[in-house]
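Asker: What follows is work_0.txt, made up of compact mmCIF, C-alpha atoms:
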# COMPACT_ATOMS: atom_id res chain seq x y z
CA MET A 293 -16.39 41.55 -23.72
CA ASP A 294 -15.46 38.84 -21.25
CA LYS A 295 -18.89 38.77 -19.60
CA LYS A 296 -21.70 36.33 -20.44
CA ALA A 297 -24.31 39.07 -19.93
CA THR A 298 -22.59 41.22 -22.59
CA TRP A 299 -22.95 38.51 -25.21
CA ASP A 300 -26.50 37.63 -24.19
CA ARG A 301 -27.40 41.26 -24.70
CA PHE A 302 -25.53 41.45 -28.01
CA TYR A 303 -27.32 38.46 -29.52
CA THR A 304 -30.69 39.51 -28.12
CA GLU A 305 -30.38 43.03 -29.56
CA ASN A 306 -29.24 41.72 -32.94
CA ARG A 307 -31.93 39.05 -33.15
CA THR A 308 -34.17 39.42 -36.21
CA ASN A 309 -37.06 37.48 -37.72
CA ILE A 310 -34.77 36.29 -40.49
CA PHE A 311 -31.67 34.54 -39.15
CA LYS A 312 -28.31 35.69 -40.45
CA ASN A 313 -24.94 34.37 -39.39
CA PHE A 314 -22.78 37.01 -37.74
CA GLU A 315 -19.11 36.63 -38.64
CA TRP A 316 -16.27 38.21 -36.71
CA PHE A 317 -13.35 38.99 -39.05
CA PHE A 318 -14.41 36.76 -41.99
CA GLY A 319 -16.38 33.68 -42.95
CA PHE A 320 -15.40 30.07 -43.58
CA ASP A 321 -14.32 30.66 -47.17
CA ALA A 322 -11.27 32.62 -45.96
CA VAL A 323 -9.93 29.67 -43.93
CA ARG A 324 -11.31 26.61 -45.74
CA ASP A 325 -7.90 25.86 -47.23
CA ILE A 326 -6.34 25.86 -43.77
CA ILE A 327 -8.96 23.79 -41.93
CA LEU A 328 -9.83 21.06 -44.44
CA PRO A 329 -6.22 20.00 -45.24
CA LEU A 330 -5.53 19.87 -41.50
CA LEU A 331 -8.50 17.55 -41.01
CA HIS A 332 -7.23 15.46 -43.92
CA SER A 333 -3.89 15.01 -42.18
CA LYS A 334 -5.65 13.74 -39.05
CA SER A 335 -8.31 11.53 -40.67
CA GLN A 336 -8.23 7.80 -40.02
CA SER A 337 -10.72 5.79 -42.07
CA THR A 338 -14.19 6.10 -40.50
CA ALA A 339 -13.15 7.37 -37.06
CA LEU A 340 -14.97 10.61 -36.24
CA LEU A 341 -12.65 13.58 -35.85
CA GLN A 342 -13.69 15.64 -32.84
CA VAL A 343 -13.89 19.34 -33.72
CA LEU A 344 -14.81 22.21 -31.40
CA ASP A 345 -15.75 25.69 -32.62
CA MET A 346 -14.95 27.54 -29.40
CA GLY A 347 -16.95 30.69 -28.78
CA CYS A 348 -18.94 30.10 -31.95
CA GLY A 349 -21.54 32.84 -31.49
CA THR A 350 -23.75 32.64 -34.57
CA SER A 351 -20.88 32.04 -37.00
CA ALA A 352 -21.30 29.55 -39.83
CA VAL A 353 -17.74 28.22 -39.47
CA GLY A 354 -18.69 25.13 -37.43
CA PRO A 355 -21.67 24.17 -39.62
CA CYS A 356 -19.53 24.73 -42.73
CA ILE A 357 -16.86 22.34 -41.43
CA TYR A 358 -19.63 19.79 -40.83
CA GLN A 359 -21.10 20.40 -44.26
CA GLN A 360 -17.92 20.53 -46.34
CA SER A 361 -15.53 18.08 -44.69
CA PRO A 362 -15.11 14.96 -46.83
CA PHE A 363 -13.80 13.25 -43.69
CA PRO A 364 -16.13 12.14 -40.90
CA VAL A 365 -16.31 14.78 -38.17
CA HIS A 366 -18.30 15.48 -35.06
CA VAL A 367 -18.47 19.27 -34.85
CA THR A 368 -19.54 20.94 -31.62
CA CYS A 369 -20.34 24.65 -31.74
CA ALA A 370 -19.96 25.96 -28.19
CA ASP A 371 -20.65 29.38 -26.72
CA ILE A 372 -21.09 30.90 -23.28
CA SER A 373 -24.29 32.62 -24.44
CA PRO A 374 -27.40 30.42 -24.39
CA ILE A 375 -29.02 32.96 -26.72
CA ALA A 376 -26.41 32.32 -29.40
CA VAL A 377 -26.71 28.56 -28.94
CA GLN A 378 -30.51 28.72 -29.19
CA LEU A 379 -30.35 30.81 -32.37
CA MET A 380 -28.00 28.33 -33.99
CA GLN A 381 -30.11 25.35 -32.95
CA GLU A 382 -33.29 26.93 -34.29
CA HIS A 383 -31.62 27.86 -37.57
CA THR A 384 -30.27 24.34 -38.04
CA ARG A 385 -33.70 22.83 -37.41
CA THR A 386 -35.40 25.11 -39.94
CA LYS A 387 -32.65 24.91 -42.54
CA ALA A 388 -31.19 21.44 -42.38
CA VAL A 389 -27.79 21.03 -44.01
CA GLU A 390 -26.58 17.69 -45.32
CA PRO A 391 -22.92 16.85 -44.65
CA GLN A 392 -20.57 15.75 -47.41
CA ASN A 393 -19.66 12.73 -45.29
CA PRO A 394 -22.78 10.81 -44.19
CA HIS A 395 -21.14 9.87 -40.86
CA SER A 396 -20.55 13.49 -39.80
CA THR A 397 -22.58 14.99 -36.95
CA LEU A 398 -23.22 18.51 -35.67
CA GLY A 399 -24.13 19.70 -32.18
CA PHE A 400 -24.50 22.90 -30.18
CA LEU A 401 -23.51 23.45 -26.58
CA GLU A 402 -23.69 26.20 -23.96
CA LEU A 403 -20.24 26.14 -22.41
CA ASP A 404 -17.80 28.40 -20.59
CA CYS A 405 -14.66 27.65 -22.56
CA THR A 406 -12.42 28.48 -19.60
CA LYS A 407 -13.77 25.21 -18.19
CA LEU A 408 -13.30 22.90 -21.17
CA HIS A 409 -11.67 20.17 -19.12
CA GLY A 410 -14.78 19.95 -16.98
CA HIS A 411 -16.77 18.88 -20.04
CA TYR A 412 -14.21 17.12 -22.23
CA GLY A 413 -11.82 14.42 -21.18
CA SER A 414 -8.07 14.79 -21.53
CA THR A 415 -6.77 14.40 -25.09
CA SER A 416 -10.27 14.01 -26.52
CA LEU A 417 -10.37 16.67 -29.27
CA ASP A 418 -8.60 16.71 -32.63
CA LEU A 419 -9.18 20.34 -33.56
CA ILE A 420 -10.27 23.50 -31.77
CA VAL A 421 -11.19 26.55 -33.83
CA ASP A 422 -11.01 29.95 -32.15
CA LYS A 423 -12.13 32.81 -34.41
CA GLY A 424 -11.95 35.97 -32.35
CA THR A 425 -12.75 34.41 -28.96
CA THR A 426 -9.29 34.89 -27.51
CA ASP A 427 -9.15 38.34 -29.10
CA ALA A 428 -12.34 39.38 -27.31
CA LEU A 429 -10.90 38.26 -23.97
CA LEU A 430 -7.48 39.83 -24.47
CA ARG A 431 -9.08 43.17 -25.31
CA SER A 432 -11.14 43.19 -22.13
CA LYS A 433 -9.90 44.62 -18.84
CA GLU A 434 -10.63 41.45 -16.90
CA GLY A 435 -10.30 39.01 -19.77
CA ARG A 436 -6.57 38.30 -19.94
CA ASP A 437 -6.63 35.78 -17.09
CA LYS A 438 -9.60 34.05 -18.73
CA ALA A 439 -7.74 33.91 -22.06
CA SER A 440 -4.77 32.29 -20.33
CA ARG A 441 -6.99 29.73 -18.58
CA MET A 442 -8.77 28.95 -21.84
CA LEU A 443 -5.47 28.32 -23.63
CA LYS A 444 -4.31 25.91 -20.93
CA GLN A 445 -7.69 24.16 -21.00
CA CYS A 446 -7.33 23.70 -24.76
CA LEU A 447 -3.94 22.07 -24.29
CA LYS A 448 -5.45 19.63 -21.80
CA VAL A 449 -8.34 18.47 -23.99
CA LEU A 450 -6.48 18.31 -27.32
CA GLN A 451 -5.00 15.09 -28.61
CA ARG A 452 -1.22 15.19 -28.66
CA SER A 453 -1.49 15.36 -32.47
CA GLY A 454 -4.34 17.87 -32.25
CA SER A 455 -4.32 21.57 -33.05
CA LEU A 456 -5.75 24.81 -31.76
CA LEU A 457 -6.24 27.33 -34.55
CA GLN A 458 -6.56 30.93 -33.42
CA PHE A 459 -7.74 33.28 -36.17
CA SER A 460 -6.86 36.84 -35.29
CA ASP A 461 -5.92 40.29 -36.54
CA GLU A 462 -3.33 40.67 -33.79
CA ASP A 463 0.24 41.20 -35.00
CA PRO A 464 2.47 38.10 -34.67
CA ASP A 465 5.01 40.01 -32.55
CA ALA A 466 2.35 40.36 -29.85
CA ARG A 467 0.35 37.13 -30.20
CA MET A 468 3.35 34.81 -30.57
CA LEU A 469 4.92 36.30 -27.44
CA TRP A 470 1.66 35.86 -25.53
CA LEU A 471 1.21 32.25 -26.70
CA GLU A 472 4.79 31.32 -25.87
CA THR A 473 4.53 32.97 -22.44
CA GLU A 474 1.14 31.58 -21.47
CA GLY A 475 1.77 28.21 -23.11
CA GLN A 476 4.24 27.15 -20.44
CA GLU A 477 4.13 25.93 -16.89
CA SER A 478 6.99 26.10 -14.40
CA GLY A 479 9.25 27.18 -17.24
CA VAL A 480 8.33 24.16 -19.40
CA MET A 481 6.77 24.79 -22.82
CA LEU A 482 3.48 22.94 -23.16
CA ALA A 483 3.02 23.55 -26.89
CA ASP A 484 4.65 24.34 -30.20
CA VAL A 485 3.39 27.52 -31.80
CA GLY A 486 3.40 28.67 -35.41
CA VAL A 487 1.80 31.39 -37.51
CA GLN A 488 0.78 31.91 -41.11
CA GLU A 489 -0.73 34.92 -42.79
CA ILE A 490 -4.28 34.48 -44.03
CA GLY A 491 -4.28 37.68 -46.03
CA GLU A 492 -5.73 41.14 -46.06
CA LEU A 493 -9.48 41.64 -45.96
CA ARG A 494 -11.06 45.08 -46.01
CA GLY A 495 -7.70 46.66 -45.24
CA VAL A 496 -6.95 44.44 -42.21
CA CYS A 497 -4.32 41.68 -42.17
CA TYR A 498 -5.37 38.42 -40.51
CA TYR A 499 -3.31 35.52 -39.21
CA CYS A 500 -3.74 31.89 -38.21
CA TYR A 501 -1.87 30.87 -35.06
CA GLN A 502 -1.49 27.11 -34.75
CA VAL A 503 -0.88 25.67 -31.30
CA ILE A 504 0.06 21.98 -30.98
CA PRO A 505 0.32 20.47 -27.47
CA ARG A 506 3.44 18.65 -26.41
CA ALA A 507 3.33 15.48 -24.31
CA THR A 508 4.17 17.65 -21.28
CA ALA A 509 0.72 19.29 -21.59
CA LEU A 510 -0.89 16.24 -19.99
Give the structure from this file in structure tokens form.

Answerer:
Amino acid sequence: MDKKATWDRFYTENRTNIFKNFEWFFGFDAVRDIILPLLHSKSQSTALLQVLDMGCGTSAVGPCIYQQSPFPVHVTCADISPIAVQLMQEHTRTKAVEPQNPHSTLGFLELDCTKLHGHYGSTSLDLIVDKGTTDALLRSKEGRDKASRMLKQCLKVLQRSGSLLQFSDEDPDARMLWLETEGQESGVMLADVGVQEIGELRGVCYYCYQVIPRATAL
């Protein structure tokens, strides 16, 4: 699940005449009360908050942030699969959604998220949303190194007051240890890490891991 070709094939095989968002784990409603208050805490008058939905696939999470945020946001939905990006672009063109804040904008981008810093400048993003992307990498034979690189890239491009939100079904004992281990360099912690339980859905317990870069992550 760490290969671009795998995801291209997945989205091609699941392509239908009638577009339907595919949600890993859950939809936006399950995490609205985590994301919107966090944006509120970062909002500054009319300045656009920079939000990245990393590994968006065809999820509605990014468009829902754009649509429902009362604060001005620029939401970028990025995925390594050009098929997923094309599907999202086509759907947005045919079913235009008006944002709650008239200054908000929405964009789609084909991007390998292990190379975020090649596209975004240092400390340029306020919020990165990761719903299942890290999970897919960690559960792949060759994906663990990519997951580690992606985490470090996130810490480079996030504002010092920014946050990475990882939504996952992985137990905190395992994910917190991984984040604390991979979130350091030469023995120096690059981020503060926290966790909160989202709740149980369809018999599975989900968590939100919040990663906030320290000044040493520069």

Asker: Would you work out the distance separating atom CA of A:Pro464 from atom CA of A:Met442, expressed in Å to one decimal?

Answerer: 19.4 Å

Asker: Would you please work out which residue, of A:Leu401, A:Ala370, A:Met346, A:Met380, is nearest to A:Leu443 when using only C-alpha atoms?

Answerer: A:Met346

Asker: So the first atom is atom CA of A:Glu477 and the second is atom CA of A:Leu330; what is the distance between them in Å, to one decimal place?

Answerer: 27.1 Å

Asker: Give me the residues within 12 Å of A:His366 as an NGL selection string, counting only C-alpha atoms and dropping any in the same chain fewer than 3 places off.

Answerer: :A and (331 or 338-345 or 354-355 or 357-359 or 361 or 363 or 369 or 391 or 393-400 or 416-420)

Asker: Could you dump the residues just selected with C-alpha atoms as an mmCIF file, in the frame of the given file?

Answerer:
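Output file part13.cif follows:
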data_model
loop_
_atom_site.group_PDB
_atom_site.id
_atom_site.type_symbol
_atom_site.label_atom_id
_atom_site.label_comp_id
_atom_site.auth_asym_id
_atom_site.auth_seq_id
_atom_site.Cartn_x
_atom_site.Cartn_y
_atom_site.Cartn_z
ATOM 1 C CA LEU A 331 -8.500 17.550 -41.010
ATOM 2 C CA THR A 338 -14.190 6.100 -40.500
ATOM 3 C CA ALA A 339 -13.150 7.370 -37.060
ATOM 4 C CA LEU A 340 -14.970 10.610 -36.240
ATOM 5 C CA LEU A 341 -12.650 13.580 -35.850
ATOM 6 C CA GLN A 342 -13.690 15.640 -32.840
ATOM 7 C CA VAL A 343 -13.890 19.340 -33.720
ATOM 8 C CA LEU A 344 -14.810 22.210 -31.400
ATOM 9 C CA ASP A 345 -15.750 25.690 -32.620
ATOM 10 C CA GLY A 354 -18.690 25.130 -37.430
ATOM 11 C CA PRO A 355 -21.670 24.170 -39.620
ATOM 12 C CA ILE A 357 -16.860 22.340 -41.430
ATOM 13 C CA TYR A 358 -19.630 19.790 -40.830
ATOM 14 C CA GLN A 359 -21.100 20.400 -44.260
ATOM 15 C CA SER A 361 -15.530 18.080 -44.690
ATOM 16 C CA PHE A 363 -13.800 13.250 -43.690
ATOM 17 C CA CYS A 369 -20.340 24.650 -31.740
ATOM 18 C CA PRO A 391 -22.920 16.850 -44.650
ATOM 19 C CA ASN A 393 -19.660 12.730 -45.290
ATOM 20 C CA PRO A 394 -22.780 10.810 -44.190
ATOM 21 C CA HIS A 395 -21.140 9.870 -40.860
ATOM 22 C CA SER A 396 -20.550 13.490 -39.800
ATOM 23 C CA THR A 397 -22.580 14.990 -36.950
ATOM 24 C CA LEU A 398 -23.220 18.510 -35.670
ATOM 25 C CA GLY A 399 -24.130 19.700 -32.180
ATOM 26 C CA PHE A 400 -24.500 22.900 -30.180
ATOM 27 C CA SER A 416 -10.270 14.010 -26.520
ATOM 28 C CA LEU A 417 -10.370 16.670 -29.270
ATOM 29 C CA ASP A 418 -8.600 16.710 -32.630
ATOM 30 C CA LEU A 419 -9.180 20.340 -33.560
ATOM 31 C CA ILE A 420 -10.270 23.500 -31.770
#

Asker: Hey, what's within 12 Å of A:Gly410 if we count all atoms listed in the file and toss same-chain stuff fewer than 5 positions away? As a list in words, please?

Answerer: Leu403, Asp404, Cys405, Met442, Gln445, Cys446, Lys448 and Val449 of chain A

Asker: Starting from the incomplete input, reconstruct all heavy atoms of stretch 350-361 of chain A and write that as an mmCIF file, in the frame of the given file.

Answerer:
data_model
loop_
_atom_site.group_PDB
_atom_site.id
_atom_site.type_symbol
_atom_site.label_atom_id
_atom_site.label_comp_id
_atom_site.auth_asym_id
_atom_site.auth_seq_id
_atom_site.Cartn_x
_atom_site.Cartn_y
_atom_site.Cartn_z
ATOM 1 N N THR A 350 -22.849 33.102 -33.512
ATOM 2 C CA THR A 350 -23.750 32.640 -34.570
ATOM 3 C C THR A 350 -23.000 32.515 -35.897
ATOM 4 O O THR A 350 -23.572 32.668 -36.969
ATOM 5 C CB THR A 350 -24.955 33.585 -34.732
ATOM 6 O OG1 THR A 350 -24.476 34.921 -34.997
ATOM 7 C CG2 THR A 350 -25.809 33.593 -33.473
ATOM 8 N N SER A 351 -21.704 32.220 -35.804
ATOM 9 C CA SER A 351 -20.880 32.040 -37.000
ATOM 10 C C SER A 351 -21.242 30.746 -37.720
ATOM 11 O O SER A 351 -21.659 29.762 -37.108
ATOM 12 C CB SER A 351 -19.400 31.993 -36.602
ATOM 13 O OG SER A 351 -18.596 31.541 -37.670
ATOM 14 N N ALA A 352 -21.039 30.741 -39.015
ATOM 15 C CA ALA A 352 -21.300 29.550 -39.830
ATOM 16 C C ALA A 352 -20.078 28.655 -39.961
ATOM 17 O O ALA A 352 -20.139 27.634 -40.656
ATOM 18 C CB ALA A 352 -21.768 29.977 -41.226
ATOM 19 N N VAL A 353 -18.975 28.999 -39.298
ATOM 20 C CA VAL A 353 -17.740 28.220 -39.470
ATOM 21 C C VAL A 353 -17.933 26.764 -39.072
ATOM 22 O O VAL A 353 -17.587 25.847 -39.818
ATOM 23 C CB VAL A 353 -16.574 28.863 -38.690
ATOM 24 C CG1 VAL A 353 -15.394 27.892 -38.591
ATOM 25 C CG2 VAL A 353 -16.116 30.135 -39.379
ATOM 26 N N GLY A 354 -18.488 26.515 -37.875
ATOM 27 C CA GLY A 354 -18.690 25.130 -37.430
ATOM 28 C C GLY A 354 -19.601 24.349 -38.360
ATOM 29 O O GLY A 354 -19.242 23.252 -38.823
ATOM 30 N N PRO A 355 -20.794 24.874 -38.675
ATOM 31 C CA PRO A 355 -21.670 24.170 -39.620
ATOM 32 C C PRO A 355 -21.023 23.965 -40.991
ATOM 33 O O PRO A 355 -21.283 22.944 -41.634
ATOM 34 C CB PRO A 355 -22.890 25.102 -39.708
ATOM 35 C CG PRO A 355 -22.943 25.765 -38.370
ATOM 36 C CD PRO A 355 -21.508 25.997 -38.006
ATOM 37 N N CYS A 356 -20.187 24.889 -41.428
ATOM 38 C CA CYS A 356 -19.530 24.730 -42.730
ATOM 39 C C CYS A 356 -18.497 23.606 -42.697
ATOM 40 O O CYS A 356 -18.331 22.874 -43.676
ATOM 41 C CB CYS A 356 -18.860 26.038 -43.155
ATOM 42 S SG CYS A 356 -20.002 27.272 -43.823
ATOM 43 N N ILE A 357 -17.792 23.461 -41.565
ATOM 44 C CA ILE A 357 -16.860 22.340 -41.430
ATOM 45 C C ILE A 357 -17.648 21.028 -41.518
ATOM 46 O O ILE A 357 -17.266 20.094 -42.237
ATOM 47 C CB ILE A 357 -16.090 22.412 -40.100
ATOM 48 C CG1 ILE A 357 -15.190 23.657 -40.069
ATOM 49 C CG2 ILE A 357 -15.248 21.145 -39.897
ATOM 50 C CD1 ILE A 357 -14.515 23.890 -38.722
ATOM 51 N N TYR A 358 -18.742 20.964 -40.798
ATOM 52 C CA TYR A 358 -19.630 19.790 -40.830
ATOM 53 C C TYR A 358 -20.122 19.513 -42.236
ATOM 54 O O TYR A 358 -20.117 18.364 -42.701
ATOM 55 C CB TYR A 358 -20.794 20.048 -39.881
ATOM 56 C CG TYR A 358 -22.032 19.211 -40.108
ATOM 57 C CD1 TYR A 358 -22.085 17.884 -39.721
ATOM 58 C CD2 TYR A 358 -23.170 19.777 -40.700
ATOM 59 C CE1 TYR A 358 -23.237 17.128 -39.916
ATOM 60 C CE2 TYR A 358 -24.325 19.030 -40.899
ATOM 61 C CZ TYR A 358 -24.347 17.703 -40.512
ATOM 62 O OH TYR A 358 -25.490 16.965 -40.716
ATOM 63 N N GLN A 359 -20.516 20.545 -42.928
ATOM 64 C CA GLN A 359 -21.100 20.400 -44.260
ATOM 65 C C GLN A 359 -20.061 20.040 -45.317
ATOM 66 O O GLN A 359 -20.316 19.210 -46.195
ATOM 67 C CB GLN A 359 -21.803 21.687 -44.668
ATOM 68 C CG GLN A 359 -22.471 21.620 -46.039
ATOM 69 C CD GLN A 359 -23.085 22.946 -46.445
ATOM 70 O OE1 GLN A 359 -22.820 23.977 -45.842
ATOM 71 N NE2 GLN A 359 -23.924 22.915 -47.472
ATOM 72 N N GLN A 360 -18.870 20.631 -45.241
ATOM 73 C CA GLN A 360 -17.920 20.530 -46.340
ATOM 74 C C GLN A 360 -16.787 19.531 -46.131
ATOM 75 O O GLN A 360 -16.067 19.212 -47.078
ATOM 76 C CB GLN A 360 -17.330 21.912 -46.633
ATOM 77 C CG GLN A 360 -18.383 22.920 -47.082
ATOM 78 C CD GLN A 360 -17.787 24.232 -47.535
ATOM 79 O OE1 GLN A 360 -16.667 24.302 -48.038
ATOM 80 N NE2 GLN A 360 -18.535 25.313 -47.352
ATOM 81 N N SER A 361 -16.614 19.034 -44.921
ATOM 82 C CA SER A 361 -15.530 18.080 -44.690
ATOM 83 C C SER A 361 -15.826 16.742 -45.364
ATOM 84 O O SER A 361 -16.855 16.129 -45.089
ATOM 85 C CB SER A 361 -15.325 17.847 -43.188
ATOM 86 O OG SER A 361 -14.375 16.807 -42.987
#
